[in-house]
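K.L.:
Sharing a structure, written as structure tokens. Questions coming.
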Amino acid sequence: MVNLTINGLNVSVEEGTTLLEAAKFWGIPIPTLCHLDGLSPYGACRLCVVEIGEGPKASLVSSCTYPAEEGLKVRTASSRVIRARRMILELLLASCPQSKTIQDLAAAHGVCQQRFKQEYEDCILCGLCVRMCEEQMMAKAIGFRSRGENRSIGTPFDIKSDVCRLCGACMYVCPACQLRCTFNEPEKTICGSGQNLRPPCLEKEQFDDMMCYMDPCVACEIQKQNKQ
Amino acid sequence: MRLSNVQDLEKQRQEANKAKAGIKKTILVCAGTGCLASGAAEVAEAFRKEIKDRGIDMKVELTVKTTGCHGFCERGPIVTFLPSGILYQHVSPEEVQEIVEKTVISGKIIKELLYRDPKTKKYIEQYSEIPFYALQTRIVLQNSGQIDPASIDDYLTVGGFSALAKSLSMQPEQIIQEVENSGLKGRGGAGFPTGLKWKALANQPNGRGKFLVCNGDEGDPGAYMDRSVLEGIPHSVIEGMLIGAYATGATEGIIYVRNEYPLAVKHLNIALQQARELGLLGENILGTGFSFDINLVKGAGAFVCGEETALIRSIEGKIPEPRQRPPFPVQKGINAKPTVINNVETWANIPIIIEGGAKAFAKIGTKNNSGTKIFSLVGKIRNTGLVEVPMGITIKEIVDDIGGGPVGKAKIKAVQTGGPSGGCIPAERFDLPIDYDSLTEAGSIMGSGGMIVMDENTCMVDIAKYFMNFLKDESCGKCFTCRKGTQRMYEILDDISKGKGTLEQLDLLEQLAHVVKDTTMCGLGQTAPNPVLSTLRYFHNEYIQHIEKKHCQAGVCKELITYSINENCTGCQACVKVCTQDAITGQKKQRHVIDTTKCIKCGACRSACKFEAIEVV
């Protein structure tokens, strides 16, 4: 067993436990986006950062990937952590405003505005779908491509994958891009599994400015862009 | 021929020494990448042809050797003569005949080819007396430029592999202790004590296999220390790794080098082949029962591969993405086996420590920062090139004394250290000693040793924007804050440089920079905001000027400047000729005018004007 303190609480967990698992076990909430039980930890969204260590050596680490260490002092909601989390949520909102998951998280953290240039992306590259496809569906149909700002998820050369069974698991786990697989250009979809599900407003011209719970709705935005 | 014991090695060395001593004169032509670009290969060829034409015996009288980088790349191609020690700069193939006739045969000096000190206006004959060299402490680079990197015999003549022979007679623990005592810190930038790293690897259980990696993935714009070491003295890296393997019990070695360094790859392959032929790599090295081999892995050129966990994944054949540490590579590295990764320069330091002893090494530099560091000195400075200096030397000494000060009339404003994720240090702080702690305190990093000198014609907002542009492309994209953070920082900097920025955006930029620094996983993301944070810290007024006055003091940000011609104009029409947009008009010997609607602000007229008549406001 490994002994550590989380928010001042002395706890002991089994060796090999991550900080996120330890905190969850002891009932301490940490927000996550790219974490899902059953999939290997990845540490991409950085939302689950916690502060470890003391004094000048204190640093933020992603709790989903950091293993519990003997004598570690963890703070899951210090001012430094909250500041970082709010900025991360602000960045997420600026890129993917249409995600209900992100909107809810932002609201829960009191982030009511974002100060960057608004973008309408449909993917935060959390990699849940990639890991789901590889680790649970044993397909490896999709993966990461390129790096930096050009990084994207998809199949090689955007060709429909032979190993994809159209199971839709990638859609199911997606926290942000609920509409990704129902994109109105079938050849650009990830695996094509959700092509039969189209957002209602796309079909109906008269609902041009229809606002669903997603504000702004990505489907409407795409349609507007296409018209221009 | 395979060397079966240490005595054989010494015999081989004696033979090599004998062969070298038999040659009366040697012409050394620098064939590092810098000099090759300025035509060194043709120069060497011309020398060989000239000597052959004159019927001089190349094995006895005079020989021509192509060597690794001399470091003084700005003056290339560089030719030195042994034993006289004369150095000629900017040598062209047409001058070769004259050089052989006058200098080599008659011993006369051709003044025009000598280095002329810009301060004293004196011509300097001797290689060692040129201030650029005289003020350096060349330990690692001592043999670069003196030996042929494609010849292991040449390396033996300068004492090569004697440190290996010495360490094979020592206990592995003794070697690690020696490296620890030397105080050597990793030269890749983070500055982790090498001895501690080795100790951790030695403490890992044997039997499963252990890896040693030489990290030659040098990606900083304008930095080429590792390239020069690998090109000029590849054997010393191999020797360092052999010593490391013997000390830690490592079984496999990997040199990871960028594919963009073809010459380094070529020389390394030759060196590895030669070492294998002599039995210095492979099974039962020098009859001691110790076995170790090194393979070369070529990187595809992603900047992030310099980060050790990304490098491991790259070697494994996966996408280079950093992962969480712990577990550290020394616990779980390549294929989950214990791995130690050291920088090229660190490995090249090892033979020196073993040969000269830890005490002698620790005397160089300062107390907690022993040894030397190689910097690639580039930018608006007179002597650009590679310099090796003891730790603790001030920036001023490097810039003013070794670098020779600014090129033009503009004063030097700042120095950027540590590559794209380093920071800018202003001229007021040039008395700062260069060591790991001082640089970190000043908001920069040691990095792998890039040093870019900037003068008053450099806009700091533009510099931050340039580096952020580089980083947003080179971030691996795994961590959301690094990928999106660098993009957003670039976006804000772009706005500011175009005069569209606001003070609120400046606040946001700073907040974002701190969060990116805090929340990313690897060294790339953690240091990525440094260009922004250090310029904000030292050059805050420039940002304010861009935002409030829409003014770029350095005249760089195109949206904020206009070109005009003042009364200094003599009407020489030099600017008219270079203007690609036909924006400049005017009669001969009369003051010209720039049509600002046509002007694309490329600055060609400004460079062409000899009378400082082009004004940028």
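In the structure tokens, each chain is lettered A, B, ... as it comes, each chain's residues begin at 1, and ligands are numbered from 1 in order of appearance.
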Per residue of chain B within 7 Å of chain A, note the shortest atom pair and the distance in Å to one decimal, counting only C-alpha atoms, and order the rows by chain and increasing residue number, as a tab-separated table.
P.N.:
residue	atom	partner	partner_atom	distance
B:Gln324	CA	A:Thr65	CA	6.2
B:Lys472	CA	A:Gly148	CA	5.5
B:Asp473	CA	A:Gly148	CA	4.7
B:Glu474	CA	A:Gly148	CA	5.4
B:Ser475	CA	A:Gly148	CA	4.5
B:Cys476	CA	A:Arg147	CA	4.8
B:Gly477	CA	A:Gly148	CA	4.5
B:Lys478	CA	A:Ala44	CA	5.3
B:Cys479	CA	A:Ala44	CA	4.4
B:Phe480	CA	A:Cys45	CA	5.1
B:Thr481	CA	A:Ile88	CA	6.7
B:Arg483	CA	A:Gly148	CA	5.8
B:Val515	CA	A:Ala84	CA	5.4
B:Asp518	CA	A:Leu60	CA	5.9
B:Thr519	CA	A:Leu60	CA	5.9
K.L.:
Could you turn the residues from that selection into a file that holds all heavy atoms, as an mmCIF file, in the first residue's frame?
P.N.:
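Once everything was written out, this is selection-v1.cif:
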data_model
loop_
_atom_site.group_PDB
_atom_site.id
_atom_site.type_symbol
_atom_site.label_atom_id
_atom_site.label_comp_id
_atom_site.auth_asym_id
_atom_site.auth_seq_id
_atom_site.Cartn_x
_atom_site.Cartn_y
_atom_site.Cartn_z
ATOM 1 N N GLN B 324 3.853 10.389 -19.534
ATOM 2 C CA GLN B 324 4.055 10.794 -18.142
ATOM 3 C C GLN B 324 5.325 10.177 -17.562
ATOM 4 O O GLN B 324 5.604 9.008 -17.755
ATOM 5 C CB GLN B 324 2.844 10.333 -17.323
ATOM 6 C CG GLN B 324 2.926 10.678 -15.861
ATOM 7 C CD GLN B 324 2.718 12.151 -15.625
ATOM 8 O OE1 GLN B 324 1.746 12.720 -16.085
ATOM 9 N NE2 GLN B 324 3.629 12.775 -14.908
ATOM 10 N N LYS B 472 3.992 26.171 -32.417
ATOM 11 C CA LYS B 472 2.631 25.682 -32.684
ATOM 12 C C LYS B 472 2.657 24.624 -33.786
ATOM 13 O O LYS B 472 1.790 23.767 -33.838
ATOM 14 C CB LYS B 472 1.683 26.843 -32.989
ATOM 15 C CG LYS B 472 1.648 27.320 -34.431
ATOM 16 C CD LYS B 472 0.565 28.386 -34.579
ATOM 17 C CE LYS B 472 0.706 29.234 -35.815
ATOM 18 N NZ LYS B 472 0.751 28.595 -37.082
ATOM 19 N N ASP B 473 3.658 24.682 -34.644
ATOM 20 C CA ASP B 473 3.797 23.635 -35.655
ATOM 21 C C ASP B 473 4.471 22.394 -35.092
ATOM 22 O O ASP B 473 4.202 21.283 -35.528
ATOM 23 C CB ASP B 473 4.644 24.145 -36.836
ATOM 24 C CG ASP B 473 3.875 25.119 -37.701
ATOM 25 O OD1 ASP B 473 2.634 25.077 -37.631
ATOM 26 O OD2 ASP B 473 4.501 25.906 -38.418
ATOM 27 N N GLU B 474 5.389 22.607 -34.154
ATOM 28 C CA GLU B 474 6.207 21.490 -33.692
ATOM 29 C C GLU B 474 5.704 20.828 -32.420
ATOM 30 O O GLU B 474 6.221 19.792 -32.013
ATOM 31 C CB GLU B 474 7.668 21.935 -33.515
ATOM 32 C CG GLU B 474 8.401 22.190 -34.828
ATOM 33 C CD GLU B 474 8.477 20.959 -35.719
ATOM 34 O OE1 GLU B 474 8.369 19.829 -35.216
ATOM 35 O OE2 GLU B 474 8.621 21.126 -36.942
ATOM 36 N N SER B 475 4.737 21.432 -31.750
ATOM 37 C CA SER B 475 4.120 20.765 -30.606
ATOM 38 C C SER B 475 3.554 19.450 -31.130
ATOM 39 O O SER B 475 3.051 19.390 -32.245
ATOM 40 C CB SER B 475 2.999 21.650 -30.065
ATOM 41 O OG SER B 475 2.020 20.857 -29.433
ATOM 42 N N CYS B 476 3.660 18.382 -30.327
ATOM 43 C CA CYS B 476 3.173 17.110 -30.860
ATOM 44 C C CYS B 476 1.655 17.126 -30.949
ATOM 45 O O CYS B 476 1.068 16.403 -31.731
ATOM 46 C CB CYS B 476 3.656 15.950 -30.013
ATOM 47 S SG CYS B 476 2.725 15.686 -28.515
ATOM 48 N N GLY B 477 1.023 17.952 -30.134
ATOM 49 C CA GLY B 477 -0.426 18.088 -30.210
ATOM 50 C C GLY B 477 -1.176 17.220 -29.227
ATOM 51 O O GLY B 477 -2.394 17.209 -29.211
ATOM 52 N N LYS B 478 -0.440 16.476 -28.405
ATOM 53 C CA LYS B 478 -1.123 15.591 -27.460
ATOM 54 C C LYS B 478 -1.817 16.386 -26.354
ATOM 55 O O LYS B 478 -3.022 16.255 -26.158
ATOM 56 C CB LYS B 478 -0.117 14.610 -26.868
ATOM 57 C CG LYS B 478 -0.717 13.693 -25.805
ATOM 58 C CD LYS B 478 0.313 12.697 -25.328
ATOM 59 C CE LYS B 478 -0.219 11.877 -24.177
ATOM 60 N NZ LYS B 478 0.692 10.799 -23.793
ATOM 61 N N CYS B 479 -1.053 17.209 -25.648
ATOM 62 C CA CYS B 479 -1.644 17.998 -24.566
ATOM 63 C C CYS B 479 -2.460 19.138 -25.172
ATOM 64 O O CYS B 479 -1.945 19.928 -25.959
ATOM 65 C CB CYS B 479 -0.563 18.594 -23.679
ATOM 66 S SG CYS B 479 0.289 17.375 -22.717
ATOM 67 N N PHE B 480 -3.685 19.240 -24.741
ATOM 68 C CA PHE B 480 -4.558 20.283 -25.261
ATOM 69 C C PHE B 480 -3.975 21.675 -25.013
ATOM 70 O O PHE B 480 -3.984 22.534 -25.897
ATOM 71 C CB PHE B 480 -5.939 20.156 -24.603
ATOM 72 C CG PHE B 480 -6.902 21.223 -25.003
ATOM 73 C CD1 PHE B 480 -7.488 21.186 -26.260
ATOM 74 C CD2 PHE B 480 -7.211 22.264 -24.155
ATOM 75 C CE1 PHE B 480 -8.379 22.176 -26.646
ATOM 76 C CE2 PHE B 480 -8.094 23.252 -24.535
ATOM 77 C CZ PHE B 480 -8.680 23.207 -25.783
ATOM 78 N N THR B 481 -3.433 21.893 -23.822
ATOM 79 C CA THR B 481 -2.946 23.237 -23.500
ATOM 80 C C THR B 481 -1.731 23.630 -24.328
ATOM 81 O O THR B 481 -1.559 24.800 -24.636
ATOM 82 C CB THR B 481 -2.597 23.368 -22.009
ATOM 83 O OG1 THR B 481 -1.937 22.182 -21.600
ATOM 84 C CG2 THR B 481 -3.824 23.583 -21.173
ATOM 85 N N ARG B 483 -1.002 22.381 -27.446
ATOM 86 C CA ARG B 483 -1.431 22.551 -28.839
ATOM 87 C C ARG B 483 -2.219 23.829 -29.021
ATOM 88 O O ARG B 483 -1.903 24.677 -29.844
ATOM 89 C CB ARG B 483 -2.280 21.349 -29.263
ATOM 90 C CG ARG B 483 -2.690 21.391 -30.721
ATOM 91 C CD ARG B 483 -3.596 20.232 -31.081
ATOM 92 N NE ARG B 483 -4.938 20.391 -30.557
ATOM 93 C CZ ARG B 483 -5.504 19.605 -29.661
ATOM 94 N NH1 ARG B 483 -4.835 18.599 -29.164
ATOM 95 N NH2 ARG B 483 -6.727 19.818 -29.250
ATOM 96 N N VAL B 515 -0.417 29.368 -17.631
ATOM 97 C CA VAL B 515 -1.171 28.112 -17.571
ATOM 98 C C VAL B 515 -0.538 27.054 -18.474
ATOM 99 O O VAL B 515 -0.414 25.894 -18.089
ATOM 100 C CB VAL B 515 -2.654 28.351 -17.944
ATOM 101 C CG1 VAL B 515 -3.378 27.030 -18.146
ATOM 102 C CG2 VAL B 515 -3.337 29.154 -16.856
ATOM 103 N N ASP B 518 2.375 25.630 -16.793
ATOM 104 C CA ASP B 518 2.002 24.804 -15.642
ATOM 105 C C ASP B 518 1.438 23.446 -16.021
ATOM 106 O O ASP B 518 1.670 22.466 -15.338
ATOM 107 C CB ASP B 518 0.919 25.548 -14.832
ATOM 108 C CG ASP B 518 1.498 26.126 -13.567
ATOM 109 O OD1 ASP B 518 2.722 26.001 -13.386
ATOM 110 O OD2 ASP B 518 0.733 26.690 -12.770
ATOM 111 N N THR B 519 0.640 23.417 -17.072
ATOM 112 C CA THR B 519 -0.226 22.252 -17.239
ATOM 113 C C THR B 519 0.183 21.269 -18.328
ATOM 114 O O THR B 519 -0.528 20.298 -18.539
ATOM 115 C CB THR B 519 -1.666 22.700 -17.571
ATOM 116 O OG1 THR B 519 -1.621 23.489 -18.755
ATOM 117 C CG2 THR B 519 -2.284 23.486 -16.454
#
K.L.:
List every residue of stretch 1-113 of chain A that DSSP, applied to the backbone of this structure, assigns to helix (DSSP H, G or I), and report them as a PyMOL selection string.
P.N.:
chain A and resi 19-25+55-57+79-95+100-108
K.L.:
Put those residues in a file: N, CA, C and O atoms, as a short mmCIF file (atom, residue, chain, number, x, y, z; two decimals), in the first residue's frame.
P.N.:
data_model
loop_
_atom_site.label_atom_id
_atom_site.label_comp_id
_atom_site.auth_asym_id
_atom_site.auth_seq_id
_atom_site.Cartn_x
_atom_site.Cartn_y
_atom_site.Cartn_z
N LEU A 19 -3.38 8.96 -9.38
CA LEU A 19 -3.91 9.96 -8.44
C LEU A 19 -5.41 10.14 -8.66
O LEU A 19 -6.17 10.34 -7.72
N LEU A 20 -5.84 10.06 -9.91
CA LEU A 20 -7.26 10.24 -10.22
C LEU A 20 -8.08 9.12 -9.59
O LEU A 20 -9.11 9.37 -8.94
N GLU A 21 -7.60 7.89 -9.75
CA GLU A 21 -8.31 6.75 -9.17
C GLU A 21 -8.34 6.86 -7.65
O GLU A 21 -9.38 6.60 -7.02
N ALA A 22 -7.22 7.29 -7.08
CA ALA A 22 -7.15 7.43 -5.63
C ALA A 22 -8.15 8.47 -5.15
O ALA A 22 -8.91 8.23 -4.19
N ALA A 23 -8.18 9.60 -5.84
CA ALA A 23 -9.08 10.68 -5.43
C ALA A 23 -10.54 10.22 -5.57
O ALA A 23 -11.37 10.47 -4.69
N LYS A 24 -10.82 9.56 -6.67
CA LYS A 24 -12.19 9.07 -6.90
C LYS A 24 -12.60 8.10 -5.80
O LYS A 24 -13.71 8.17 -5.27
N PHE A 25 -11.68 7.21 -5.48
CA PHE A 25 -11.97 6.19 -4.47
C PHE A 25 -12.31 6.84 -3.14
O PHE A 25 -13.19 6.39 -2.42
N GLY A 55 6.25 24.12 -1.81
CA GLY A 55 7.21 25.20 -1.99
C GLY A 55 7.49 25.45 -3.46
O GLY A 55 6.62 25.25 -4.31
N PRO A 56 8.73 25.85 -3.76
CA PRO A 56 9.05 26.17 -5.16
C PRO A 56 9.00 24.95 -6.08
O PRO A 56 8.94 25.09 -7.29
N LYS A 57 9.05 23.76 -5.49
CA LYS A 57 9.04 22.56 -6.34
C LYS A 57 7.64 22.08 -6.67
O LYS A 57 7.47 21.08 -7.38
N SER A 79 -5.69 27.07 -5.55
CA SER A 79 -6.00 28.20 -6.43
C SER A 79 -5.27 28.06 -7.78
O SER A 79 -5.78 28.43 -8.82
N ARG A 80 -4.05 27.47 -7.71
CA ARG A 80 -3.29 27.28 -8.95
C ARG A 80 -4.01 26.29 -9.87
O ARG A 80 -4.07 26.49 -11.09
N VAL A 81 -4.54 25.24 -9.27
CA VAL A 81 -5.25 24.23 -10.07
C VAL A 81 -6.51 24.84 -10.69
O VAL A 81 -6.77 24.67 -11.88
N ILE A 82 -7.27 25.56 -9.86
CA ILE A 82 -8.53 26.14 -10.35
C ILE A 82 -8.25 27.13 -11.48
O ILE A 82 -8.94 27.17 -12.50
N ARG A 83 -7.18 27.95 -11.29
CA ARG A 83 -6.84 28.93 -12.31
C ARG A 83 -6.54 28.23 -13.65
O ARG A 83 -7.01 28.64 -14.70
N ALA A 84 -5.76 27.16 -13.55
CA ALA A 84 -5.40 26.41 -14.76
C ALA A 84 -6.63 25.79 -15.40
O ALA A 84 -6.84 25.88 -16.60
N ARG A 85 -7.47 25.18 -14.56
CA ARG A 85 -8.66 24.50 -15.08
C ARG A 85 -9.59 25.48 -15.79
O ARG A 85 -10.14 25.17 -16.85
N ARG A 86 -9.75 26.65 -15.18
CA ARG A 86 -10.65 27.64 -15.80
C ARG A 86 -10.10 28.10 -17.14
O ARG A 86 -10.85 28.30 -18.10
N MET A 87 -8.78 28.27 -17.21
CA MET A 87 -8.19 28.68 -18.49
C MET A 87 -8.35 27.57 -19.54
O MET A 87 -8.66 27.84 -20.70
N ILE A 88 -8.17 26.32 -19.11
CA ILE A 88 -8.34 25.19 -20.04
C ILE A 88 -9.78 25.17 -20.57
O ILE A 88 -10.02 25.02 -21.77
N LEU A 89 -10.74 25.39 -19.65
CA LEU A 89 -12.14 25.39 -20.07
C LEU A 89 -12.44 26.55 -21.01
O LEU A 89 -13.21 26.42 -21.96
N GLU A 90 -11.79 27.66 -20.73
CA GLU A 90 -11.98 28.82 -21.61
C GLU A 90 -11.46 28.51 -23.02
O GLU A 90 -12.10 28.84 -24.02
N LEU A 91 -10.30 27.86 -23.06
CA LEU A 91 -9.73 27.46 -24.35
C LEU A 91 -10.64 26.46 -25.06
O LEU A 91 -10.83 26.52 -26.28
N LEU A 92 -11.20 25.53 -24.29
CA LEU A 92 -12.09 24.53 -24.87
C LEU A 92 -13.35 25.19 -25.43
O LEU A 92 -13.79 24.88 -26.53
N LEU A 93 -13.91 26.11 -24.66
CA LEU A 93 -15.11 26.81 -25.11
C LEU A 93 -14.84 27.61 -26.37
O LEU A 93 -15.69 27.72 -27.25
N ALA A 94 -13.64 28.17 -26.44
CA ALA A 94 -13.29 28.98 -27.60
C ALA A 94 -13.18 28.13 -28.86
O ALA A 94 -13.36 28.62 -29.96
N SER A 95 -12.86 26.84 -28.67
CA SER A 95 -12.69 25.98 -29.84
C SER A 95 -13.94 25.17 -30.17
O SER A 95 -14.28 25.00 -31.32
N LYS A 100 -22.03 19.96 -25.35
CA LYS A 100 -22.80 20.05 -24.11
C LYS A 100 -21.91 19.73 -22.92
O LYS A 100 -21.95 20.39 -21.88
N THR A 101 -21.04 18.71 -23.09
CA THR A 101 -20.14 18.31 -22.00
C THR A 101 -19.27 19.48 -21.57
O THR A 101 -19.11 19.75 -20.38
N ILE A 102 -18.69 20.15 -22.56
CA ILE A 102 -17.79 21.27 -22.24
C ILE A 102 -18.58 22.43 -21.65
O ILE A 102 -18.15 23.06 -20.67
N GLN A 103 -19.74 22.70 -22.19
CA GLN A 103 -20.56 23.79 -21.66
C GLN A 103 -20.91 23.53 -20.20
O GLN A 103 -20.83 24.42 -19.35
N ASP A 104 -21.28 22.29 -19.89
CA ASP A 104 -21.63 21.95 -18.51
C ASP A 104 -20.44 22.12 -17.58
O ASP A 104 -20.55 22.67 -16.48
N LEU A 105 -19.30 21.63 -18.04
CA LEU A 105 -18.09 21.74 -17.22
C LEU A 105 -17.73 23.21 -16.98
O LEU A 105 -17.38 23.61 -15.86
N ALA A 106 -17.85 24.00 -18.03
CA ALA A 106 -17.53 25.43 -17.91
C ALA A 106 -18.47 26.08 -16.91
O ALA A 106 -18.04 26.85 -16.04
N ALA A 107 -19.76 25.75 -17.02
CA ALA A 107 -20.73 26.33 -16.09
C ALA A 107 -20.41 25.93 -14.66
O ALA A 107 -20.45 26.76 -13.75
N ALA A 108 -20.03 24.67 -14.48
CA ALA A 108 -19.73 24.19 -13.13
C ALA A 108 -18.51 24.90 -12.54
O ALA A 108 -18.37 25.00 -11.32
#
K.L.:
Excluding same-chain residues fewer than 4 positions from B:Asp293, what lies within 10 Å of it counting only C-alpha atoms, as an NGL selection string?
P.N.:
:B and (238 or 241-242 or 245 or 250-254 or 272 or 275-276 or 280-283 or 285)
K.L.:
Skip B:Arg606 itself and residues of its chain fewer than 4 positions away, then list as a ChimeraX atom specification all residues within 9 Å of it, counting only C-alpha atoms.
P.N.:
/B:563,575,602,610,612-616
K.L.:
Which of stretch 364-420 of chain B counts as strand (DSSP E) under DSSP, as an MDAnalysis selection string please?
P.N.:
chainID B and resid 372:379 385:390 412:417
K.L.:
Only C-alpha atoms, please: the residues just picked out, written as a JSON list (two decimals), in the first residue's frame.
P.N.:
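This went into part-v8.json:
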[["chain", "number", "residue", "atom", "x", "y", "z"],
["B", 372, "THR", "CA", 32.44, 23.59, -20.64],
["B", 373, "LYS", "CA", 29.44, 24.17, -22.83],
["B", 374, "ILE", "CA", 29.31, 24.52, -26.59],
["B", 375, "PHE", "CA", 27.15, 27.32, -27.92],
["B", 376, "SER", "CA", 26.22, 28.06, -31.44],
["B", 377, "LEU", "CA", 26.59, 31.78, -31.65],
["B", 378, "VAL", "CA", 24.47, 33.24, -34.41],
["B", 379, "GLY", "CA", 22.57, 36.40, -35.27],
["B", 385, "GLY", "CA", 30.07, 29.98, -35.25],
["B", 386, "LEU", "CA", 30.51, 27.36, -32.60],
["B", 387, "VAL", "CA", 32.14, 28.39, -29.36],
["B", 388, "GLU", "CA", 33.09, 26.26, -26.41],
["B", 389, "VAL", "CA", 33.37, 28.17, -23.16],
["B", 390, "PRO", "CA", 33.70, 27.27, -19.51],
["B", 412, "ILE", "CA", 22.97, 44.69, -29.43],
["B", 413, "LYS", "CA", 19.67, 44.53, -27.61],
["B", 414, "ALA", "CA", 19.25, 40.99, -26.38],
["B", 415, "VAL", "CA", 20.41, 37.41, -26.58],
["B", 416, "GLN", "CA", 18.06, 34.52, -27.00],
["B", 417, "THR", "CA", 19.34, 31.35, -25.38]]
K.L.:
May I ask for the distance between atom CA of B:Ile86 and atom CA of B:Tyr155, given in Å to one decimal place?
P.N.:
22.0 Å
K.L.:
Show me, as a list in words, the residues that have an atom within 12 Å of B:Asn203 when counting only C-alpha atoms, minus same-chain residues fewer than 3 positions from it.
P.N.:
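Everything that qualifies: Pro172, Glu173, Ile176, Leu196, Lys197, Trp198, Lys199, Ala200, Asn206, Lys210, Ala247, Thr248, Gly249, Ala250, Val330, Gln331, Pro338 and Thr339 of chain B.
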K.L.:
Between B:Leu82, B:Ile452, B:Ala442, B:Ala513, single out the one closest to B:Met468, counting only C-alpha atoms.
P.N.:
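Of B:Leu82, B:Ile452, B:Ala442, B:Ala513, the one nearest B:Met468, counting only C-alpha atoms, is B:Ala513.
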K.L.:
So what do you get for atom CA of B:Asn342 versus atom CA of B:Val257, distance-wise?
P.N.:
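Taking atom CA of B:Asn342 and atom CA of B:Val257, their separation equals 12.5 Å.
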K.L.:
Would you pick out the contacts of B:Val104 at 12 Å or less, using only C-alpha atoms, so that residues sharing its chain but fewer than 6 positions from it are not included, and give the list as number ranges by chain?
P.N.:
B: 24-27, 47, 50-51, 56, 61-64, 79-86, 96-98, 110
K.L.:
Excluding same-chain residues fewer than 4 positions from B:Ile544, what lies within 9 Å of it counting only C-alpha atoms, as a VMD selection string?
P.N.:
chain B and resid 503 506 540 548 to 550
K.L.:
Please compute the atom CA of B:Pro149-atom CA of B:Val29 distance, one decimal, in Å.
P.N.:
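A separation of 12.1 Å between them.
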